[in-house]
Amino acid sequence: MITTATAPAGVKVMKHFRFYSRQDIQSITKRRRYETKLGEKFRLIEPMQNWKEALESSTSKYVLAGIPEDIGVRANYGIGGTDTAWPNFLQSFVNVQSTDKLNGEHILMLGHFDFEDVKTVIEKNAKSGEEITDACRHAVANIIDEEVEELVKTIVAAGKLPVIIGGGHNNSYPIVKGAAKGLLKTGKINKAQINVVNLDAHADFRIMEGRHSGNGFRYAMSEGYLGKYAVVGLQENHNPQSMLDDLYSDVNIQYTFFEDIFLHEKMNFKQAISQAFGFSDDQYTGIELDMDCIEHVLSSAMTPAGISPVHARQYMSFAGNYPKPAYLHICEGAAQLSNGSADFSTGKLISYLVADFLRSNIS
């Protein structure tokens with residue numbers, strides 16, 4: 001992971017955010033004669049620039065940032081490791097070819113959050129499993145949520161589309177909240193509320209028992225920042241009846257099961273996606289993809305039978321054509337888990353997904 005990045009001088013920023021320099025990106029970009037990689041073309045915030053003013057004046061439409069943390073996953077009794085997806089993705093994405101269909105100049109590479117100091121404090125002071133869970137939930141609510149919300153709000157208020165990679169699905173809540181506030185500030189909406197479409201095996205609509213990776217959308221909807229919520233690909237094995245009852249009884253929530261698409265064939269995958277976006281097309285909509293719905297992709301909730309990588313790419317390409325995206329958020333993937341499992345192809349798959357979305361959205 002890049003560790004040399006520092007914040008632009010003379011400007012107050014989120015405490016845990018690390019801005020990238022040109023040298024940071026060049027150090028992991030593999031140059032080749034007669035070829036141009038995305039990393040050679042990215043826009044960046046210069047060291048002496050006011051980052052908020054630089055955002056507003058940038059000609060780049062997309063702002064890319066990472067959240068390499070697994071505190072929210074641990075707060076949900078999950079296996080740590082989602083902090084490893086961002087650096088693994090970045091190594092791959094900077095080396096994607098820059099072409100007419102996807103030019104690196106369209107992307108402002110901002111940097112990543114570094115919450116290692118928070119994680120260290122938890123590990124040093126929390127003794128029992130219950131104490132660790134409580135400490136992680138406290139950190140999510142009081143540190144991670146606040147800083148992620150501020151970043152996303154600033155990006156959206158500058159008229160840019162945030163592309164956020166890595167970490168647990170706990171970050172959906174501050175991203176939805178930040179995007180809604182940012183769009184309100186620009187005058188594009190008259191109420192701080194957006195819709196969301198989520199490709200996920202889990203609804204992440206568990207009870208409000210403290211912030212973690214399993215209840216981000218519940219918090220966002222209960223506070224009014226999430227208007228309509230559509231989920232594609234829920235797996236029956238992973239969603240409790242009590243939560244399904246809540247989903248079913250809410251007219252602002254629409255969902256389809258993986259089993260109904262791929263086992264019972266009540267609809268095909270493209271129809272399920274179209275239905276979800278049709279449900280949410282009255283408003284700006286956040287695009288979510290949880291990597292644990294893709295079969296054999298390393299994650300805290302890795303599945304042996306899920307959607308294929310090609311299906312995930314189709315979803316990204318379809319989402320990129322949506323006329324009013326509020327943000328793109330890809331989460332829950334890992335290159336290495338805390339139990340020792342490793343798969344360093346995860347980042348490459350995420351780079352495919354991001355590229356698919358951007359190519360569709362640019363054109």
# chains A, B, ... in the order shown; residues from 1 in each chain; ligands from 1
>>> select_by_dssp(residues="range 130-304 of chain A", states="strand (DSSP E or B)", output="JSON, numbers by chain")
{"A": [161, 162, 163, 164, 165, 194, 195, 196, 197, 198, 199, 226, 227, 228, 229, 230, 231, 232, 233, 234, 253, 254, 255, 256, 257, 285, 286, 287, 288, 289, 290, 294, 299]}
>>> residues_around(residues="Gly320 in chain A", least_positions_apart="6", cutoff="8 Å", atoms="only C-alpha atoms", output="list in words")
Asp356, Phe357, Leu358, Arg359, Ser360 and Asn361 of chain A
>>> residues_around(residues="range 72-78 of chain A", least_positions_apart="5", cutoff="10 Å", atoms="only C-alpha atoms", output="PyMOL selection string")
chain A and resi 83+129-130+132-141+144+167-171+210-216+299-301+332
>>> select_by_dssp(residues="range 226-318 of chain A", states="helix (DSSP H, G or I)", output="PyMOL selection string")
chain A and resi 241-249+258-263+269-280+291-293+309-318
>>> residues_around(residues="Lys153 in chain A", least_positions_apart="5", cutoff="12 Å", atoms="only C-alpha atoms", output="list in words")
Lys52, Leu55, Asp145, Glu146, Glu147, Val148, Ala158, Gly159, Lys160, Leu161, Pro162, Pro174, Ile175, Val176, Lys177, Gly178, Ala179, Ala180, Lys181, Gly182, Leu183, Leu184, Lys185, Thr186, Ala192, Ala326 and Tyr327 of chain A
>>> closest_residue(among="A:Gly306, A:Tyr62, A:Gly347, A:Tyr284", to="Asn190 in chain A", atoms="only C-alpha atoms")
A:Tyr284
>>> closest_residue(among="A:Lys127, A:Gly104, A:Gly166, A:Asp24", to="Ile71 in chain A", atoms="only C-alpha atoms")
A:Gly166
>>> closest_residue(among="A:Asn95, A:Gln283, A:Thr256, A:Gln314", to="Ser27 in chain A", atoms="only C-alpha atoms")
A:Asn95
>>> residues_around(residues="Gly224 in chain A", least_positions_apart="4", cutoff="12 Å", atoms="only C-alpha atoms", output="MDAnalysis selection string")
chainID A and resid 173 176:177 180:181 191:195 217:220 228:229 252
>>> write_last_selection(atoms="all heavy atoms", output="short mmCIF file (atom, residue, chain, number, x, y, z; two decimals), in the first residue's frame")
data_model
loop_
_atom_site.label_atom_id
_atom_site.label_comp_id
_atom_site.auth_asym_id
_atom_site.auth_seq_id
_atom_site.Cartn_x
_atom_site.Cartn_y
_atom_site.Cartn_z
N TYR A 173 -23.59 3.48 4.43
CA TYR A 173 -24.35 4.51 5.16
C TYR A 173 -23.74 5.91 5.01
O TYR A 173 -24.43 6.84 4.57
CB TYR A 173 -24.48 4.11 6.63
CG TYR A 173 -24.91 5.23 7.54
CD1 TYR A 173 -26.17 5.82 7.42
CD2 TYR A 173 -24.05 5.71 8.53
CE1 TYR A 173 -26.56 6.86 8.26
CE2 TYR A 173 -24.43 6.74 9.37
CZ TYR A 173 -25.69 7.31 9.23
OH TYR A 173 -26.06 8.35 10.05
N VAL A 176 -24.02 7.06 1.25
CA VAL A 176 -25.38 7.51 0.90
C VAL A 176 -25.64 8.88 1.51
O VAL A 176 -26.13 9.80 0.83
CB VAL A 176 -26.44 6.49 1.40
CG1 VAL A 176 -27.84 7.09 1.30
CG2 VAL A 176 -26.37 5.21 0.60
N LYS A 177 -25.32 9.03 2.77
CA LYS A 177 -25.56 10.29 3.49
C LYS A 177 -24.77 11.44 2.86
O LYS A 177 -25.30 12.53 2.62
CB LYS A 177 -25.17 10.11 4.96
CG LYS A 177 -25.58 11.22 5.89
CD LYS A 177 -25.24 10.84 7.33
CE LYS A 177 -25.63 11.94 8.31
NZ LYS A 177 -25.27 11.56 9.72
N ALA A 180 -26.13 12.33 -0.68
CA ALA A 180 -27.41 13.05 -0.59
C ALA A 180 -27.19 14.50 -0.19
O ALA A 180 -27.78 15.43 -0.77
CB ALA A 180 -28.32 12.34 0.40
N LYS A 181 -26.33 14.72 0.78
CA LYS A 181 -26.05 16.10 1.23
C LYS A 181 -25.33 16.89 0.15
O LYS A 181 -25.58 18.08 -0.04
CB LYS A 181 -25.22 16.06 2.51
CG LYS A 181 -25.99 15.62 3.75
CD LYS A 181 -25.13 15.71 4.99
CE LYS A 181 -25.91 15.38 6.25
NZ LYS A 181 -25.07 15.52 7.48
N LYS A 191 -34.20 17.68 -1.52
CA LYS A 191 -34.22 17.00 -0.23
C LYS A 191 -33.02 16.07 -0.18
O LYS A 191 -32.67 15.42 -1.18
CB LYS A 191 -35.51 16.19 -0.08
CG LYS A 191 -35.63 15.42 1.21
CD LYS A 191 -36.93 14.63 1.23
CE LYS A 191 -37.06 13.81 2.52
NZ LYS A 191 -38.31 13.00 2.52
N ALA A 192 -32.35 16.00 0.96
CA ALA A 192 -31.14 15.18 1.09
C ALA A 192 -31.52 13.70 1.15
O ALA A 192 -31.49 13.05 2.19
CB ALA A 192 -30.34 15.57 2.31
N GLN A 193 -31.87 13.17 -0.03
CA GLN A 193 -32.31 11.77 -0.12
C GLN A 193 -32.04 11.24 -1.52
O GLN A 193 -32.35 11.89 -2.51
CB GLN A 193 -33.79 11.66 0.20
CG GLN A 193 -34.32 10.24 0.25
CD GLN A 193 -35.80 10.20 0.60
OE1 GLN A 193 -36.67 10.31 -0.25
NE2 GLN A 193 -36.08 10.05 1.89
N ILE A 194 -31.47 10.05 -1.60
CA ILE A 194 -31.22 9.39 -2.87
C ILE A 194 -31.71 7.95 -2.80
O ILE A 194 -32.07 7.46 -1.72
CB ILE A 194 -29.72 9.41 -3.25
CG1 ILE A 194 -28.89 8.61 -2.21
CG2 ILE A 194 -29.21 10.82 -3.40
CD1 ILE A 194 -27.43 8.41 -2.61
N ASN A 195 -31.74 7.29 -3.95
CA ASN A 195 -32.07 5.87 -4.02
C ASN A 195 -30.79 5.05 -4.15
O ASN A 195 -29.71 5.60 -4.42
CB ASN A 195 -32.99 5.59 -5.21
CG ASN A 195 -34.31 6.33 -5.11
OD1 ASN A 195 -34.76 6.67 -4.01
ND2 ASN A 195 -34.94 6.57 -6.24
N PHE A 217 -27.72 0.13 5.28
CA PHE A 217 -28.90 0.63 4.57
C PHE A 217 -30.08 0.86 5.53
O PHE A 217 -30.90 1.74 5.29
CB PHE A 217 -29.28 -0.33 3.45
CG PHE A 217 -28.19 -0.46 2.40
CD1 PHE A 217 -27.44 -1.62 2.30
CD2 PHE A 217 -27.89 0.60 1.56
CE1 PHE A 217 -26.43 -1.74 1.36
CE2 PHE A 217 -26.88 0.51 0.61
CZ PHE A 217 -26.15 -0.67 0.51
N ARG A 218 -30.13 0.09 6.59
CA ARG A 218 -31.18 0.33 7.61
C ARG A 218 -30.98 1.71 8.24
O ARG A 218 -31.94 2.47 8.37
CB ARG A 218 -31.10 -0.75 8.69
CG ARG A 218 -31.96 -0.49 9.92
CD ARG A 218 -33.38 -0.97 9.76
NE ARG A 218 -33.45 -2.40 9.85
CZ ARG A 218 -34.58 -3.09 10.02
NH1 ARG A 218 -35.74 -2.45 10.08
NH2 ARG A 218 -34.58 -4.41 10.07
N TYR A 219 -29.76 2.03 8.62
CA TYR A 219 -29.48 3.34 9.22
C TYR A 219 -29.78 4.46 8.22
O TYR A 219 -30.39 5.47 8.57
CB TYR A 219 -28.02 3.42 9.67
CG TYR A 219 -27.78 2.88 11.06
CD1 TYR A 219 -27.53 1.53 11.27
CD2 TYR A 219 -27.78 3.73 12.16
CE1 TYR A 219 -27.30 1.03 12.54
CE2 TYR A 219 -27.54 3.24 13.45
CZ TYR A 219 -27.31 1.90 13.63
OH TYR A 219 -27.08 1.40 14.90
N ALA A 220 -29.35 4.28 6.96
CA ALA A 220 -29.56 5.32 5.96
C ALA A 220 -31.04 5.57 5.70
O ALA A 220 -31.47 6.71 5.55
CB ALA A 220 -28.86 4.93 4.65
N LYS A 228 -35.53 5.03 -1.95
CA LYS A 228 -35.88 3.70 -2.42
C LYS A 228 -34.63 2.82 -2.44
O LYS A 228 -33.55 3.28 -2.78
CB LYS A 228 -36.50 3.77 -3.82
CG LYS A 228 -37.87 4.42 -3.85
CD LYS A 228 -38.43 4.40 -5.27
CE LYS A 228 -39.82 5.01 -5.32
NZ LYS A 228 -40.36 5.00 -6.71
N TYR A 229 -34.82 1.56 -2.11
CA TYR A 229 -33.71 0.62 -2.01
C TYR A 229 -34.07 -0.65 -2.78
O TYR A 229 -35.07 -1.31 -2.48
CB TYR A 229 -33.44 0.29 -0.55
CG TYR A 229 -32.33 -0.70 -0.28
CD1 TYR A 229 -31.14 -0.66 -1.00
CD2 TYR A 229 -32.46 -1.66 0.71
CE1 TYR A 229 -30.12 -1.56 -0.75
CE2 TYR A 229 -31.44 -2.56 0.99
CZ TYR A 229 -30.27 -2.51 0.25
OH TYR A 229 -29.26 -3.40 0.50
N ASN A 252 -40.99 1.03 -0.18
CA ASN A 252 -39.82 1.68 -0.77
C ASN A 252 -38.65 0.73 -0.97
O ASN A 252 -37.55 1.17 -1.29
CB ASN A 252 -39.39 2.87 0.11
CG ASN A 252 -40.38 4.01 0.05
OD1 ASN A 252 -40.81 4.40 -1.03
ND2 ASN A 252 -40.76 4.53 1.21
#
>>> closest_residue(among="A:Ala355, A:Met243, A:Val232, A:Ala276", to="His311 in chain A", atoms="only C-alpha atoms")
A:Val232
>>> atom_distance(atom1="CA of Tyr315 in chain A", atom2="CA of Thr82 in chain A")
21.8 Å
>>> residues_around(residues="Val231 in chain A", least_positions_apart="2", cutoff="6 Å", atoms="only C-alpha atoms", output="compact mmCIF listing (two decimals) with N, CA and C atoms, in the first residue's frame")
# COMPACT_ATOMS: atom_id res chain seq x y z
N VAL A 197 -29.33 1.07 -5.73
CA VAL A 197 -29.45 -0.28 -6.28
C VAL A 197 -28.21 -1.05 -5.84
N ASN A 198 -28.43 -2.24 -5.28
CA ASN A 198 -27.35 -3.01 -4.67
C ASN A 198 -27.35 -4.44 -5.20
N LEU A 199 -26.24 -4.87 -5.80
CA LEU A 199 -26.07 -6.27 -6.19
C LEU A 199 -25.37 -6.97 -5.03
N TYR A 255 -36.78 -6.23 -4.05
CA TYR A 255 -35.66 -7.17 -4.08
C TYR A 255 -36.00 -8.39 -4.91
